[in-house]
file input-v3.cif (mmCIF, C-alpha atoms)
data_entry
#
loop_
_atom_site.group_PDB
_atom_site.id
_atom_site.type_symbol
_atom_site.label_atom_id
_atom_site.label_comp_id
_atom_site.auth_asym_id
_atom_site.auth_seq_id
_atom_site.Cartn_x
_atom_site.Cartn_y
_atom_site.Cartn_z
ATOM 1 C CA MET A 1 84.081 45.867 44.614
ATOM 2 C CA ALA A 2 87.776 46.339 45.268
ATOM 3 C CA LYS A 3 90.253 43.642 44.282
ATOM 4 C CA ILE A 4 91.134 41.372 47.167
ATOM 5 C CA PRO A 5 94.881 40.895 47.647
ATOM 6 C CA ASP A 6 95.967 37.323 46.932
ATOM 7 C CA MET A 7 97.170 36.855 50.512
ATOM 8 C CA ASN A 8 93.710 37.731 51.863
ATOM 9 C CA TYR A 9 91.678 35.656 49.416
ATOM 10 C CA PRO A 10 91.629 32.364 51.378
ATOM 11 C CA MET A 11 90.227 34.069 54.481
ATOM 12 C CA TYR A 12 87.805 36.132 52.382
ATOM 13 C CA ARG A 13 86.512 32.963 50.724
ATOM 14 C CA ALA A 14 86.253 31.100 54.055
ATOM 15 C CA LEU A 15 84.275 33.951 55.597
ATOM 16 C CA THR A 16 81.980 34.215 52.580
ATOM 17 C CA GLU A 17 81.211 30.495 52.690
ATOM 18 C CA ALA A 18 80.665 30.589 56.457
ATOM 19 C CA ILE A 19 78.197 33.460 56.059
ATOM 20 C CA LYS A 20 76.275 31.506 53.400
ATOM 21 C CA GLU A 21 76.101 28.443 55.646
ATOM 22 C CA ALA A 22 75.070 30.561 58.638
ATOM 23 C CA ASP A 23 72.204 32.048 56.623
ATOM 24 C CA ARG A 24 71.160 28.556 55.530
ATOM 25 C CA PHE A 25 71.296 27.288 59.111
ATOM 26 C CA ILE A 26 69.185 30.178 60.404
ATOM 27 C CA LYS A 27 66.485 29.486 57.812
ATOM 28 C CA LYS A 28 66.413 25.765 58.657
ATOM 29 C CA ALA A 29 66.447 26.445 62.411
ATOM 30 C CA GLU A 30 63.497 28.826 62.099
ATOM 31 C CA LEU A 31 61.489 26.191 60.218
ATOM 32 C CA ALA A 32 62.358 23.573 62.833
ATOM 33 C CA ARG A 33 61.368 25.924 65.654
ATOM 34 C CA GLU A 34 58.003 26.595 63.986
ATOM 35 C CA ARG A 35 57.413 22.866 63.659
ATOM 36 C CA LEU A 36 58.226 22.335 67.344
ATOM 37 C CA ILE A 37 55.601 24.946 68.248
ATOM 38 C CA ASP A 38 52.932 23.534 65.916
ATOM 39 C CA ASP A 39 53.454 19.796 66.441
ATOM 40 C CA GLN A 40 53.365 18.298 69.927
ATOM 41 C CA TYR A 41 55.111 15.141 68.666
ATOM 42 C CA ALA A 42 57.950 16.936 66.878
ATOM 43 C CA TRP A 43 60.343 16.294 69.799
ATOM 44 C CA SER A 44 60.816 12.784 68.416
ATOM 45 C CA GLY A 45 62.301 14.219 65.208
ATOM 46 C CA THR A 46 60.966 15.708 62.008
ATOM 47 C CA LYS A 47 62.360 16.455 58.592
ATOM 48 C CA GLU A 48 62.687 20.093 59.687
ATOM 49 C CA THR A 49 64.724 19.293 62.805
ATOM 50 C CA GLY A 50 66.857 16.885 60.776
ATOM 51 C CA ALA A 51 67.525 19.576 58.182
ATOM 52 C CA ALA A 52 68.495 22.021 60.946
ATOM 53 C CA LYS A 53 70.936 19.490 62.403
ATOM 54 C CA ARG A 54 72.513 18.876 58.992
ATOM 55 C CA ALA A 55 72.803 22.621 58.361
ATOM 56 C CA SER A 56 74.431 22.969 61.786
ATOM 57 C CA MET A 57 77.028 20.344 60.889
ATOM 58 C CA ASP A 58 77.730 22.043 57.549
ATOM 59 C CA LEU A 59 78.162 25.382 59.313
ATOM 60 C CA THR A 60 80.592 23.782 61.769
ATOM 61 C CA ARG A 61 82.696 22.503 58.854
ATOM 62 C CA GLU A 62 82.822 25.953 57.270
ATOM 63 C CA LEU A 63 83.783 27.574 60.558
ATOM 64 C CA VAL A 64 86.777 25.235 60.777
ATOM 65 C CA ASN A 65 88.045 26.824 57.559
ATOM 66 C CA VAL A 66 87.736 30.278 59.139
ATOM 67 C CA ARG A 67 89.857 29.140 62.098
ATOM 68 C CA LYS A 68 92.673 27.835 59.892
#
call {"tool": "encode", "arguments": {"input": "input-v3.cif", "output": "structure tokens"}}
result
Amino acid sequence: MAKIPDMNYPMYRALTEAIKEADRFIKKAELARERLIDDQYAWSGTKETGAAKRASMDLTRELVNVRK
């Protein structure tokens, strides 16, 4: 991998972290979606939907760093 110029490093790091959080969110969202299909009472909240919501909030925080 090529060396990242010092001026570009903050944005590179922010993008890398955002990608990691996006991947995490997608995994949690897929699990929540499966639970919603399999469980007719899941609309009231499950650990999977809660995890997806938390991952969504974490992704939002990382995206703020990309916008800076």
call {"tool": "atom_distance", "arguments": {"input": "input-v3.cif", "atom1": "CA of Lys28 in chain A", "atom2": "CA of Glu48 in chain A"}}
result
6.9 Å
call {"tool": "residues_around", "arguments": {"input": "input-v3.cif", "residues": "range 16-24 of chain A", "least_positions_apart": "5", "cutoff": "7 Å", "atoms": "only C-alpha atoms", "output": "number ranges by chain"}}
result
A: 55, 58-59, 62-63
call {"tool": "atom_distance", "arguments": {"input": "input-v3.cif", "atom1": "CA of Leu15 in chain A", "atom2": "CA of Val66 in chain A"}}
result
6.2 Å
call {"tool": "resolve_selection", "arguments": {"input": "input-v3.cif", "expression": "the PyMOL selection byres ((chain A and resi 44-47) around 12)", "output": "list of chain:residue names"}}
result
A:Lys28, A:Ala29, A:Leu31, A:Ala32, A:Arg33, A:Glu34, A:Arg35, A:Leu36, A:Asp38, A:Asp39, A:Gln40, A:Tyr41, A:Ala42, A:Trp43, A:Glu48, A:Thr49, A:Gly50, A:Ala51, A:Ala52, A:Lys53, A:Arg54
call {"tool": "atom_distance", "arguments": {"input": "input-v3.cif", "atom1": "CA of Phe25 in chain A", "atom2": "CA of Thr60 in chain A"}}
result
10.3 Å
